[in-house]
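S.K.: I'm passing along coords_12.txt; it holds compact mmCIF, C-alpha atoms and all ligand atoms.
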# COMPACT_ATOMS: atom_id res chain seq x y z
CA SER A 11 17.27 1.35 31.58
CA THR A 12 14.94 4.13 32.71
CA SER A 13 16.62 6.85 30.67
CA LEU A 14 16.15 4.74 27.58
CA ALA A 15 12.48 4.16 28.42
CA LEU A 16 12.02 7.91 28.89
CA ALA A 17 13.70 8.64 25.58
CA PHE A 18 11.34 6.18 23.92
CA GLU A 19 8.34 7.95 25.41
CA ARG A 20 9.61 11.33 24.26
CA ARG A 21 10.22 10.09 20.73
CA LYS A 22 6.81 8.48 20.63
CA ARG A 23 5.15 11.77 21.53
CA GLU A 24 7.15 13.59 18.90
CA ARG A 25 6.53 11.07 16.21
CA ILE A 26 4.74 12.73 13.38
CA ASN A 27 1.53 11.24 12.15
CA HIS A 28 2.08 8.49 9.74
CA ASN A 29 -0.78 6.65 8.21
CA PHE A 30 0.58 4.81 5.28
CA GLU A 31 -1.09 1.72 3.99
CA ALA A 32 0.79 -1.52 3.90
CA ARG A 33 1.07 -2.77 0.36
CA PRO A 34 1.18 -6.48 -0.35
CA ILE A 35 4.48 -7.89 -1.51
CA GLU A 36 5.30 -11.04 -3.34
CA LEU A 37 8.32 -13.21 -2.92
CA ARG A 38 9.21 -14.18 -6.46
CA ARG A 39 12.02 -16.64 -6.04
CA ASP A 40 10.11 -19.40 -7.82
CA GLU A 41 9.35 -17.34 -10.91
CA ILE A 42 11.34 -16.57 -14.05
CA LEU A 43 12.27 -12.92 -13.67
CA SER A 44 12.42 -10.34 -16.42
CA GLY A 45 15.93 -9.01 -16.82
CA VAL A 46 18.36 -7.72 -14.25
CA THR A 47 15.85 -5.43 -12.55
CA GLY A 48 13.71 -8.49 -11.82
CA LEU A 49 16.46 -9.59 -9.47
CA ILE A 50 16.18 -6.50 -7.30
CA GLY A 51 14.61 -6.76 -3.86
CA ASN A 52 12.82 -9.65 -2.16
CA THR A 53 16.07 -10.50 -0.44
CA PRO A 54 16.20 -13.27 2.15
CA LEU A 55 16.54 -12.70 5.88
CA VAL A 56 19.47 -14.60 7.33
CA ARG A 57 20.00 -15.51 11.00
CA ILE A 58 23.48 -14.48 12.12
CA ASN A 59 24.17 -17.70 13.98
CA SER A 60 27.27 -16.77 15.96
CA LEU A 61 25.86 -13.54 17.41
CA SER A 62 22.34 -14.93 17.91
CA ASP A 63 23.68 -17.94 19.83
CA ALA A 64 26.03 -15.78 21.89
CA LEU A 65 23.30 -13.35 22.97
CA GLY A 66 20.16 -15.48 23.02
CA VAL A 67 18.50 -12.99 20.67
CA GLU A 68 17.58 -13.69 17.04
CA ILE A 69 19.76 -11.30 15.03
CA LEU A 70 18.46 -11.35 11.48
CA GLY A 71 20.18 -9.67 8.54
CA LYS A 72 18.41 -8.58 5.38
CA ALA A 73 20.78 -9.92 2.72
CA GLU A 74 20.88 -6.84 0.49
CA PHE A 75 24.30 -7.82 -0.84
CA LEU A 76 22.41 -10.36 -2.98
CA ASN A 77 20.91 -7.64 -5.15
CA PRO A 78 22.33 -7.74 -8.72
CA GLY A 79 24.17 -4.43 -8.28
CA GLY A 80 25.56 -5.78 -5.02
CA SER A 81 23.86 -3.49 -2.51
CA VAL A 82 20.68 -2.19 -0.92
CA LYS A 83 20.93 0.78 -3.29
CA ASP A 84 19.56 -1.22 -6.24
CA ARG A 85 16.10 -0.76 -4.76
CA VAL A 86 16.55 2.99 -4.56
CA ALA A 87 18.09 3.42 -8.01
CA LEU A 88 15.29 1.39 -9.61
CA ARG A 89 12.61 3.40 -7.85
CA MET A 90 14.21 6.76 -8.68
CA ILE A 91 14.52 5.81 -12.35
CA GLU A 92 11.00 4.37 -12.57
CA ASP A 93 9.50 7.42 -10.88
CA ALA A 94 11.43 9.71 -13.24
CA GLU A 95 10.10 7.73 -16.21
CA ARG A 96 6.55 7.93 -14.85
CA GLN A 97 6.93 11.69 -14.51
CA GLY A 98 8.20 11.93 -18.08
CA LEU A 99 11.58 13.26 -16.98
CA ILE A 100 13.57 10.66 -18.90
CA HIS A 101 12.86 8.27 -21.75
CA PRO A 102 14.76 5.09 -22.61
CA HIS A 103 16.99 4.91 -25.69
CA THR A 104 16.98 8.64 -26.38
CA GLY A 105 20.53 9.31 -25.19
CA SER A 106 19.24 10.50 -21.82
CA ARG A 107 21.79 10.55 -19.04
CA ILE A 108 21.38 10.03 -15.32
CA PHE A 109 23.68 12.01 -13.00
CA GLU A 110 24.35 11.18 -9.39
CA GLY A 111 26.68 12.09 -6.56
CA THR A 112 27.39 9.03 -4.46
CA SER A 113 29.81 7.18 -2.21
CA GLY A 114 29.67 4.48 -4.86
CA SER A 115 26.90 1.99 -4.17
CA THR A 116 24.11 4.12 -5.60
CA GLY A 117 26.27 4.85 -8.61
CA ILE A 118 26.82 1.16 -9.28
CA SER A 119 23.08 0.53 -8.96
CA ILE A 120 22.24 3.40 -11.30
CA ALA A 121 24.86 2.30 -13.82
CA THR A 122 23.47 -1.26 -13.76
CA ILE A 123 19.86 -0.23 -14.26
CA ALA A 124 20.80 2.46 -16.79
CA ARG A 125 22.39 -0.25 -18.95
CA ALA A 126 19.32 -2.47 -18.64
CA ARG A 127 16.92 0.32 -19.54
CA GLY A 128 18.67 2.36 -22.20
CA TYR A 129 20.29 5.26 -20.36
CA GLU A 130 23.77 6.62 -19.88
CA ALA A 131 25.14 7.33 -16.42
CA THR A 132 27.57 9.89 -15.03
CA ILE A 133 28.67 9.23 -11.48
CA ILE A 134 30.47 11.80 -9.33
CA MET A 135 32.36 10.51 -6.31
CA GLN A 136 34.92 11.70 -3.82
CA ASP A 137 38.40 10.53 -4.68
CA ASP A 138 38.77 8.81 -1.30
CA VAL A 139 36.17 6.07 -1.81
CA SER A 140 37.48 2.60 -2.48
CA GLN A 141 38.94 1.87 -5.90
CA ASP A 142 36.80 -1.30 -6.03
CA LYS A 143 33.71 0.83 -6.57
CA VAL A 144 35.36 2.90 -9.28
CA ASN A 145 36.39 -0.29 -11.09
CA ALA A 146 32.84 -1.63 -10.91
CA LEU A 147 31.46 1.62 -12.33
CA LEU A 148 33.91 1.65 -15.21
CA SER A 149 33.12 -1.98 -16.03
CA LEU A 150 29.45 -1.02 -16.22
CA GLY A 151 30.24 1.67 -18.77
CA ALA A 152 29.49 4.63 -16.54
CA THR A 153 31.30 7.92 -16.85
CA VAL A 154 33.08 8.50 -13.56
CA GLU A 155 34.25 11.82 -12.23
CA ARG A 156 36.21 11.93 -9.00
CA VAL A 157 36.38 15.14 -6.99
CA ARG A 158 38.28 16.25 -3.90
CA PRO A 159 36.37 15.85 -0.64
CA ALA A 160 34.72 19.19 0.07
CA SER A 161 32.12 20.81 2.28
CA ILE A 162 28.48 20.77 1.19
CA VAL A 163 28.69 24.54 0.74
CA ASP A 164 31.46 24.17 -1.85
CA LYS A 165 30.67 24.11 -5.56
CA GLY A 166 33.16 21.27 -5.97
CA GLN A 167 31.40 18.97 -3.50
CA PHE A 168 30.32 15.76 -5.22
CA VAL A 169 26.55 16.25 -4.94
CA ASN A 170 26.84 19.85 -6.14
CA VAL A 171 29.02 18.76 -9.06
CA ALA A 172 26.47 16.10 -10.06
CA ARG A 173 23.66 18.68 -10.03
CA GLN A 174 25.79 21.08 -12.07
CA ARG A 175 26.73 18.42 -14.63
CA ALA A 176 23.05 17.54 -15.12
CA MET A 177 22.29 21.22 -15.71
CA ASP A 178 25.15 21.57 -18.19
CA PHE A 179 23.97 18.47 -20.04
CA GLY A 180 20.47 19.91 -20.23
CA ARG A 181 21.79 23.15 -21.69
CA THR A 182 23.95 21.41 -24.25
CA HIS A 183 21.04 19.32 -25.43
CA ALA A 184 18.38 22.01 -25.34
CA GLU A 185 16.93 22.65 -28.79
CA ALA A 186 16.69 26.22 -29.93
CA PRO A 187 14.42 28.03 -30.07
CA THR A 188 12.09 25.97 -27.86
CA ASP A 189 14.12 25.75 -24.73
CA ARG A 190 11.64 23.76 -22.72
CA PRO A 191 12.57 22.32 -19.35
CA ASN A 192 15.26 19.79 -19.97
CA VAL A 193 16.79 19.09 -16.63
CA LEU A 194 14.45 18.36 -13.81
CA SER A 195 15.01 17.13 -10.35
CA SER A 196 12.01 15.42 -8.84
CA THR A 197 12.55 17.35 -5.65
CA PRO A 198 11.42 20.95 -5.39
CA SER A 199 14.12 21.87 -2.88
CA THR A 200 16.79 21.43 -5.51
CA LEU A 201 14.67 21.90 -8.59
CA VAL A 202 16.80 22.73 -11.57
CA VAL A 203 14.79 23.91 -14.53
CA SER A 204 15.84 25.77 -17.59
CA THR A 205 12.79 27.07 -19.36
CA SER A 206 11.88 29.74 -21.89
CA ALA A 207 9.16 32.34 -21.47
CA ASP A 208 7.01 30.93 -24.29
CA ASP A 209 6.61 27.53 -22.70
CA GLY A 210 2.92 28.09 -22.11
CA GLU A 211 0.87 25.15 -20.93
CA ALA A 212 2.56 22.56 -23.09
CA SER A 213 3.19 19.38 -21.20
CA PRO A 214 6.22 17.28 -22.10
CA SER A 215 4.09 14.29 -23.03
CA ASP A 216 2.18 16.32 -25.69
CA ASN A 217 5.30 16.85 -27.68
CA THR A 218 7.11 14.02 -29.40
CA ASP A 219 10.19 16.09 -30.27
CA PHE A 220 10.51 16.94 -26.65
CA ILE A 221 10.33 13.30 -25.62
CA GLN A 222 12.91 12.20 -28.14
CA ARG A 223 15.49 14.71 -27.01
CA PRO A 224 18.24 13.43 -24.71
CA ARG A 225 17.60 14.65 -21.22
CA GLY A 226 19.67 14.92 -18.11
CA PHE A 227 18.27 13.72 -14.83
CA PHE A 228 19.84 14.48 -11.47
CA ALA A 229 18.75 11.50 -9.36
CA ASP A 230 19.50 13.28 -6.08
CA GLN A 231 19.23 10.37 -3.63
CA PHE A 232 19.65 12.63 -0.60
CA GLU A 233 16.57 14.70 -1.35
CA ASN A 234 14.57 12.42 -3.64
CA ARG A 235 11.53 10.95 -1.92
CA SER A 236 11.61 7.92 -4.23
CA ASN A 237 14.50 6.73 -2.05
CA PHE A 238 12.25 6.64 1.02
CA GLU A 239 9.41 5.06 -0.98
CA ALA A 240 11.60 2.18 -2.18
CA HIS A 241 12.06 1.13 1.43
CA PHE A 242 8.56 1.98 2.58
CA ASP A 243 7.03 -0.11 -0.20
CA GLY A 244 9.71 -2.79 -0.43
CA THR A 245 12.23 -3.40 2.33
CA GLY A 246 9.83 -2.60 5.19
CA PRO A 247 6.92 -4.85 4.08
CA GLU A 248 9.35 -7.64 3.24
CA ILE A 249 10.79 -7.57 6.78
CA TRP A 250 7.29 -7.51 8.26
CA ARG A 251 6.26 -10.51 6.23
CA GLN A 252 9.46 -12.49 6.75
CA THR A 253 9.11 -12.15 10.53
CA ASN A 254 5.33 -12.53 10.58
CA GLY A 255 5.29 -9.19 12.34
CA ASP A 256 7.26 -10.67 15.22
CA VAL A 257 10.07 -8.12 15.27
CA LYS A 258 11.16 -6.09 18.29
CA ALA A 259 13.69 -3.77 16.71
CA PHE A 260 15.15 -2.57 13.43
CA VAL A 261 18.76 -1.36 13.43
CA SER A 262 20.28 0.62 10.56
CA GLY A 263 22.86 3.22 9.70
CA ALA A 264 21.93 6.22 7.61
CA GLY A 265 23.79 7.62 4.64
CA THR A 266 20.90 9.34 2.93
CA GLY A 267 18.46 8.13 5.57
CA GLY A 268 16.26 6.42 3.00
CA THR A 269 16.51 2.99 4.59
CA ILE A 270 15.86 3.98 8.19
CA ALA A 271 13.10 6.38 7.13
CA GLY A 272 11.27 3.97 4.83
CA VAL A 273 11.63 0.81 6.90
CA GLY A 274 11.19 2.72 10.17
CA ARG A 275 7.99 4.36 9.09
CA PHE A 276 6.56 1.20 7.62
CA LEU A 277 7.30 -0.89 10.70
CA LYS A 278 5.99 1.80 13.08
CA SER A 279 2.83 2.05 11.01
CA MET A 280 2.29 -1.68 11.57
CA GLU A 281 3.34 -1.78 15.22
CA ASP A 282 4.24 1.32 17.16
CA ASP A 283 6.30 -0.55 19.75
CA ILE A 284 9.00 -1.69 17.35
CA SER A 285 12.23 0.11 18.26
CA ILE A 286 14.04 1.89 15.46
CA VAL A 287 17.74 2.13 16.25
CA LEU A 288 20.36 4.20 14.44
CA ALA A 289 23.88 2.83 13.97
CA ASP A 290 26.20 5.80 13.53
CA PRO A 291 29.91 5.78 12.73
CA GLU A 292 32.08 8.06 14.86
CA GLY A 293 32.30 11.51 13.35
CA SER A 294 28.73 11.50 12.08
CA GLY A 295 26.41 14.14 13.48
CA LEU A 296 23.29 11.96 13.55
CA TYR A 297 24.04 10.36 16.92
CA ASN A 298 24.00 13.73 18.67
CA LYS A 299 20.91 14.73 16.75
CA VAL A 300 19.02 11.67 18.00
CA LYS A 301 20.33 11.75 21.58
CA PHE A 302 20.52 15.47 22.27
CA ASP A 303 18.70 17.08 19.36
CA VAL A 304 21.74 19.04 18.24
CA MET A 305 23.16 18.96 14.74
CA TYR A 306 26.51 20.20 13.56
CA SER A 307 26.38 23.26 11.39
CA ASN A 308 28.18 23.43 8.07
CA VAL A 309 31.05 25.22 9.73
CA ASP A 310 32.91 23.96 12.80
CA SER A 311 33.96 25.95 15.86
CA GLU A 312 37.21 27.00 14.16
CA GLY A 313 35.29 28.29 11.18
CA LYS A 314 36.37 25.41 8.98
CA LYS A 315 33.87 24.15 6.49
CA ARG A 316 32.54 20.74 7.40
CA ARG A 317 32.07 17.94 4.93
CA HIS A 318 28.59 16.54 5.00
CA GLN A 319 29.98 13.05 4.83
CA VAL A 320 32.06 11.57 7.48
CA ASP A 321 35.73 10.78 7.61
CA THR A 322 35.64 7.14 8.61
CA ILE A 323 36.64 3.78 7.26
CA VAL A 324 32.94 2.86 7.23
CA GLU A 325 31.69 3.82 3.77
CA GLY A 326 28.15 4.83 2.93
CA ILE A 327 26.77 5.79 6.31
CA GLY A 328 27.05 8.78 8.58
CA LEU A 329 25.88 12.30 7.82
CA ASN A 330 26.58 15.81 9.05
CA ARG A 331 23.65 17.59 7.52
CA LEU A 332 19.92 17.10 7.41
CA THR A 333 18.55 15.95 4.10
CA ARG A 334 14.97 15.28 3.13
CA ASN A 335 15.26 11.53 3.53
CA ILE A 336 16.92 11.60 6.94
CA GLU A 337 14.34 14.14 8.07
CA LEU A 338 11.63 11.63 7.18
CA GLY A 339 13.50 9.09 9.28
CA LEU A 340 14.60 10.93 12.43
CA PRO A 341 11.15 11.13 14.06
CA MET A 342 11.02 7.33 13.87
CA VAL A 343 14.37 6.78 15.56
CA ASP A 344 14.14 5.77 19.22
CA THR A 345 17.80 5.61 20.06
CA ALA A 346 21.28 5.64 18.53
CA TYR A 347 24.68 4.03 19.07
CA GLN A 348 28.08 5.25 18.01
CA VAL A 349 30.33 2.66 16.41
CA SER A 350 34.09 3.10 16.08
CA ASP A 351 36.10 2.04 13.05
CA ALA A 352 37.91 -0.54 15.18
CA GLU A 353 34.60 -2.05 16.35
CA ALA A 354 33.30 -2.30 12.79
CA VAL A 355 36.55 -3.90 11.62
CA ALA A 356 36.48 -6.40 14.51
CA MET A 357 32.87 -7.32 13.73
CA SER A 358 33.62 -7.96 10.07
CA ARG A 359 36.52 -10.29 10.91
CA TYR A 360 34.48 -12.04 13.61
CA LEU A 361 31.67 -12.78 11.13
CA VAL A 362 34.04 -14.33 8.63
CA LYS A 363 35.71 -16.39 11.32
CA HIS A 364 32.49 -17.73 12.87
CA ASP A 365 29.84 -17.53 10.15
CA GLY A 366 31.62 -17.35 6.82
CA LEU A 367 29.84 -14.06 6.21
CA PHE A 368 31.99 -11.62 4.21
CA LEU A 369 30.38 -8.23 4.64
CA GLY A 370 31.04 -4.57 3.95
CA SER A 371 31.73 -1.88 6.50
CA SER A 372 28.23 -0.51 7.00
CA SER A 373 26.83 -4.02 7.61
CA ALA A 374 29.48 -4.54 10.28
CA CYS A 375 28.63 -1.19 11.82
CA ASN A 376 24.94 -2.15 11.94
CA LEU A 377 25.73 -5.40 13.72
CA VAL A 378 27.89 -3.69 16.34
CA ALA A 379 24.98 -1.36 17.07
CA CYS A 380 22.67 -4.40 17.33
CA ILE A 381 24.85 -5.81 20.09
CA LYS A 382 25.08 -2.51 21.96
CA PHE A 383 21.32 -2.08 21.81
CA ILE A 384 20.52 -5.65 22.85
CA LYS A 385 22.97 -5.35 25.76
CA GLU A 386 21.42 -2.08 26.91
CA MET A 387 17.91 -3.54 26.71
CA GLY A 388 19.02 -6.66 28.56
CA TRP A 389 17.30 -8.91 26.01
CA ASN A 390 18.12 -12.62 25.94
CA SER A 391 14.85 -14.45 25.29
CA GLY A 392 14.82 -14.94 21.56
CA GLU A 393 13.62 -11.42 20.69
CA LYS A 394 13.92 -10.76 16.95
CA VAL A 395 16.15 -7.88 15.87
CA VAL A 396 16.45 -7.12 12.16
CA THR A 397 19.23 -5.21 10.48
CA ILE A 398 20.51 -4.54 6.95
CA LEU A 399 23.48 -6.31 5.39
CA CYS A 400 24.02 -3.51 2.88
CA ASP A 401 26.81 -4.89 0.75
CA SER A 402 29.51 -7.54 0.65
CA GLY A 403 33.17 -7.31 1.60
CA SER A 404 34.17 -7.58 -2.04
CA ARG A 405 33.36 -3.87 -2.46
CA HIS A 406 35.95 -3.05 0.18
CA TYR A 407 39.17 -4.88 -0.68
CA SER A 408 41.18 -1.72 -1.04
CA LYS A 409 40.31 -0.16 2.33
CA PHE A 410 38.10 -1.82 4.96
CA TRP A 411 39.28 -5.32 4.04
CA ASN A 412 42.91 -4.31 3.53
CA ASP A 413 44.85 -4.92 6.77
CA GLU A 414 47.87 -3.03 5.50
CA PHE A 415 45.75 0.01 4.73
CA LEU A 416 44.14 -0.19 8.18
CA GLU A 417 47.49 -0.42 9.89
CA LYS A 418 48.68 2.71 8.09
CA ALA A 419 45.46 4.45 9.09
CA GLY A 420 46.05 3.46 12.73
CA ILE A 421 42.97 1.26 12.94
CA PRO A 422 43.58 -1.99 14.83
CA VAL A 423 42.37 -5.34 13.57
CA ASP A 424 41.63 -6.74 16.99
CA LEU A 425 39.00 -9.40 17.56
CA SER A 426 39.21 -9.07 21.33
CA ILE A 427 37.27 -5.78 20.94
CA LEU A 428 34.30 -7.86 19.89
CA ASP A 429 34.72 -10.48 22.59
CA ALA A 430 34.64 -7.63 25.09
CA LEU A 431 31.46 -6.23 23.55
CA LEU A 432 29.76 -9.62 23.58
CA SER A 433 30.68 -10.41 27.16
CA SER A 434 29.86 -6.96 28.56
CA SER A 435 26.69 -6.67 30.59
N1 LIG B 1 25.53 1.02 3.30
C1 LIG B 1 26.10 1.31 2.14
C2 LIG B 1 27.21 0.46 1.62
C3 LIG B 1 25.67 2.43 1.41
O1 LIG B 1 26.27 2.76 0.26
C4 LIG B 1 24.61 3.21 1.91
C5 LIG B 1 24.10 4.38 1.15
N2 LIG B 1 24.97 5.47 1.02
C6 LIG B 1 24.06 2.88 3.15
C7 LIG B 1 24.53 1.77 3.79
C8 LIG B 1 23.01 3.75 3.81
O2 LIG B 1 21.72 3.67 3.30
P1 LIG B 1 20.79 4.94 3.24
O3 LIG B 1 21.31 5.84 2.18
O4 LIG B 1 19.46 4.39 2.91
O5 LIG B 1 20.77 5.65 4.56
Could the structure of this file be written out as structure tokens, please?
Ligand code: PMP
M.R.:
Amino acid sequence: STSLALAFERRKRERINHNFEARPIELRRDEILSGVTGLIGNTPLVRINSLSDALGVEILGKAEFLNPGGSVKDRVALRMIEDAERQGLIHPHTGSRIFEGTSGSTGISIATIARARGYEATIIMQDDVSQDKVNALLSLGATVERVRPASIVDKGQFVNVARQRAMDFGRTHAEAPTDRPNVLSSTPSTLVVSTSADDGEASPSDNTDFIQRPRGFFADQFENRSNFEAHFDGTGPEIWRQTNGDVKAFVSGAGTGGTIAGVGRFLKSMEDDISIVLADPEGSGLYNKVKFDVMYSNVDSEGKKRRHQVDTIVEGIGLNRLTRNIELGLPMVDTAYQVSDAEAVAMSRYLVKHDGLFLGSSSACNLVACIKFIKEMGWNSGEKVVTILCDSGSRHYSKFWNDEFLEKAGIPVDLSILDALLSSS
């Protein structure tokens, strides 16, 4: 439609300069890989046959659920940990501990990689995320702390608790009298450093004692640029290569924004005409930000503090505040679609019924947005649209894949919702 075309033009003008270089990637499926981290990334692209056939558009899903930690977040956790090692912030097998606030997937990825590389992990989550994720974390030997859902301005909010725990750990393990920086975040906006006056010029790598000491690292996926880089260097180039550059649109939800920012920027740097489309669960503020350039504040009109994460059955995506990674992504986003819980549920059941694909809630949300976008564009000539299949349904037995739970929550399991979407024009 014309309004969509106009929005595209506006976004294009606003797009900030990006001149990143494409890095070569290798698909390593025929090699023997080194350890669990060798299994991360280079995921296949799968054609969603039922939807592609129904619409006459190639709908291709990046099968991130095949990562060893079970989600797209393996890429991010690996990159954050590797970057922290490169910066000398943590060292394997020294009792160092990684702290993170997460809806679960990132925690599972961190816990997996921590085990493989000689770290401990403490994961802080809201107590309303699915028990399946908690069980996975405990099996991986992570320390799990569950906190009440709270606004971002509250000390008890999960990200704030994770930052605080990392600081406390740093203090506990600081060696008197040389209290050199022990807890560092890689991101200046939330830099947490405890340091003594006599630190001088000493660099951590000059000092063996310093290196040996257990250190706390707050991974900080919302603000940490390594998150963006994992997708800019990995997911984006992989999609480009797997489609031979023949891709018309990329559709993704945003939880931290790392995926849409990294993939979006990479794809736009290769071909400016690729549409970047946000899939947003109802209740998230990002849709309004993209469409009308307004963002909720931390406090609603009744003065109630707002949670930065969204109250929806769709776990892992949606955001009510601007973080560094989503800010890298928003200038790339051409348009957005809101997806209801009922639509996401219908999509997930439809995909099992027709394709045998058992996916998590954010994947289903992405695919609903794919259909809405394709319908609005009027595409039906084999255009390629790529999206992310973030995780599998097995992470969601207790909520999204639990019909009894959905019924109690007033969310219908109604496949006709999807038939209506597919047949709409
Ligand atoms: N899907 C799931 C299951 C997730 O856990 C997340 C991350 N919170 C996302 C999608 C969103 O990815 P991103 O953080 O890169 O925006």
S.K.: Using all atoms listed in the file, what table do you get, as a tab-separated table, when you list each residue of chain A with an atom no more than 8 Å from ligand LIG 1 (chain B), its nearest pair of atoms, and their distance in Å rounded to one decimal, rows by chain then rising number?
M.R.:
residue	atom	partner	partner_atom	distance
A:Ser81	CA	B:LIG1	C2	6.6
A:Val82	CA	B:LIG1	C1	7.1
A:Lys83	CA	B:LIG1	C5	6.5
A:Thr112	CA	B:LIG1	N2	7.0
A:Ser113	CA	B:LIG1	N2	6.1
A:Gly114	CA	B:LIG1	O1	6.4
A:Ser115	CA	B:LIG1	O1	4.5
A:Thr116	CA	B:LIG1	O1	6.4
A:Gln231	CA	B:LIG1	O3	7.7
A:Phe232	CA	B:LIG1	O3	7.5
A:Asn237	CA	B:LIG1	O4	7.4
A:Phe238	CA	B:LIG1	O4	7.8
A:Ser262	CA	B:LIG1	O5	7.8
A:Gly263	CA	B:LIG1	C8	5.9
A:Ala264	CA	B:LIG1	O5	3.3
A:Gly265	CA	B:LIG1	O5	3.6
A:Thr266	CA	B:LIG1	O3	3.6
A:Gly267	CA	B:LIG1	O5	3.5
A:Gly268	CA	B:LIG1	O4	3.8
A:Thr269	CA	B:LIG1	O4	3.7
A:Ile270	CA	B:LIG1	O5	6.3
A:Ala271	CA	B:LIG1	O4	7.9
A:Glu325	CA	B:LIG1	C2	6.0
A:Gly326	CA	B:LIG1	N2	3.8
A:Ile327	CA	B:LIG1	C8	5.0
A:Ile336	CA	B:LIG1	O5	7.5
A:Gly370	CA	B:LIG1	C2	6.7
A:Ser371	CA	B:LIG1	C2	7.1
A:Ser372	CA	B:LIG1	N1	4.8
A:Ser373	CA	B:LIG1	N1	6.8
A:Leu399	CA	B:LIG1	N1	7.9
A:Cys400	CA	B:LIG1	N1	4.8
A:Asp401	CA	B:LIG1	C2	5.4
S.K.: Name the closest residue to Leu147 in chain A among the candidates A:Arg334, A:Arg96, A:Arg181, A:Arg125; distances are taken between atoms, counting all atoms listed in the file.
M.R.: A:Arg125
S.K.: Extract, using only C-alpha atoms, all DNA, RNA and protein residues at most 10 Å from Lys165 in chain A, discarding same-chain residues fewer than 6 positions from it, and format them as JSON, numbers by chain.
M.R.: {"A": [171, 173, 174]}
S.K.: Near Leu367 in chain A, within 10 Å and counting all atoms listed in the file, which residues show up once chain neighbours fewer than 5 positions away are dropped, as a PyMOL selection string?
M.R.: chain A and resi 58+358-362+402-403
S.K.: Please report the interatomic distance between CA of Leu416 in chain A and CA of Ala352 in chain A in Å with one decimal.
M.R.: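 CA of Leu416 in chain A sits 9.4 Å away from CA of Ala352 in chain A.
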S.K.: Please identify all polymer residues within 12 Å of Ile286 in chain A, counting only C-alpha atoms, omitting same-chain residues fewer than 5 positions from it, and present them as JSON, numbers by chain.
M.R.: {"A": [18, 21, 22, 25, 246, 257, 258, 259, 260, 261, 262, 263, 264, 269, 270, 271, 272, 273, 274, 275, 276, 277, 278, 281, 300, 339, 340, 341, 342, 343, 344, 345, 346, 347, 379, 380, 383, 395, 396, 397]}
S.K.: How far is it from CA of Ile108 in chain A to CA of Ala131 in chain A, in Å with one decimal?
M.R.: 4.8 Å
S.K.: Using all atoms listed in the file, determine which residues lie at most 10 Å from Gly117 in chain A, disregarding the query and same-chain residues fewer than 2 positions distant; provide the list as a PDB file with C-alpha atoms, in the coordinates of the input.
M.R.:
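Once everything was written out, this is around.pdb:
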ATOM      1  CA  GLY A  79      24.170  -4.430  -8.280  1.00  0.00           C
ATOM      2  CA  LYS A  83      20.930   0.780  -3.290  1.00  0.00           C
ATOM      3  CA  ASP A  84      19.560  -1.220  -6.240  1.00  0.00           C
ATOM      4  CA  ALA A  87      18.090   3.420  -8.010  1.00  0.00           C
ATOM      5  CA  ILE A 108      21.380  10.030 -15.320  1.00  0.00           C
ATOM      6  CA  PHE A 109      23.680  12.010 -13.000  1.00  0.00           C
ATOM      7  CA  GLU A 110      24.350  11.180  -9.390  1.00  0.00           C
ATOM      8  CA  GLY A 111      26.680  12.090  -6.560  1.00  0.00           C
ATOM      9  CA  THR A 112      27.390   9.030  -4.460  1.00  0.00           C
ATOM     10  CA  SER A 113      29.810   7.180  -2.210  1.00  0.00           C
ATOM     11  CA  GLY A 114      29.670   4.480  -4.860  1.00  0.00           C
ATOM     12  CA  SER A 115      26.900   1.990  -4.170  1.00  0.00           C
ATOM     13  CA  SER A 119      23.080   0.530  -8.960  1.00  0.00           C
ATOM     14  CA  ILE A 120      22.240   3.400 -11.300  1.00  0.00           C
ATOM     15  CA  ALA A 121      24.860   2.300 -13.820  1.00  0.00           C
ATOM     16  CA  THR A 122      23.470  -1.260 -13.760  1.00  0.00           C
ATOM     17  CA  ILE A 123      19.860  -0.230 -14.260  1.00  0.00           C
ATOM     18  CA  ALA A 131      25.140   7.330 -16.420  1.00  0.00           C
ATOM     19  CA  THR A 132      27.570   9.890 -15.030  1.00  0.00           C
ATOM     20  CA  ILE A 133      28.670   9.230 -11.480  1.00  0.00           C
ATOM     21  CA  ILE A 134      30.470  11.800  -9.330  1.00  0.00           C
ATOM     22  CA  MET A 135      32.360  10.510  -6.310  1.00  0.00           C
ATOM     23  CA  LYS A 143      33.710   0.830  -6.570  1.00  0.00           C
ATOM     24  CA  VAL A 144      35.360   2.900  -9.280  1.00  0.00           C
ATOM     25  CA  ALA A 146      32.840  -1.630 -10.910  1.00  0.00           C
ATOM     26  CA  LEU A 147      31.460   1.620 -12.330  1.00  0.00           C
ATOM     27  CA  ALA A 152      29.490   4.630 -16.540  1.00  0.00           C
ATOM     28  CA  VAL A 154      33.080   8.500 -13.560  1.00  0.00           C
TER      29      VAL A 154
END
S.K.: Could you work out how far CA of Lys385 in chain A lies from CA of Leu425 in chain A, giving the answer in Å with one decimal?
M.R.: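 Distance reported for this atom pair: 18.5 Å.
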S.K.: Measuring atom to atom with all atoms listed in the file, identify which of A:Ser404, A:Ala64, A:Gly420, A:Arg225 is nearest to Ser391 in chain A.
M.R.: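 Ranked by minimum distance to Ser391 in chain A, first place goes to A:Ala64.
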S.K.: Considering only C-alpha atoms, state which residue in the set A:Val324, A:Lys382, A:Met177, A:Met305 is at the smallest distance from Ala354 in chain A.
M.R.: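 When distances to Ala354 in chain A are compared using only C-alpha atoms, the smallest one comes from A:Val324.
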S.K.: Which residue out of A:Glu92, A:Lys394, A:His101, A:Ser294 has the minimum interatomic distance to Gln252 in chain A when all atoms listed in the file are used?
M.R.: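 Closest to Gln252 in chain A, using all atoms listed in the file: A:Lys394.
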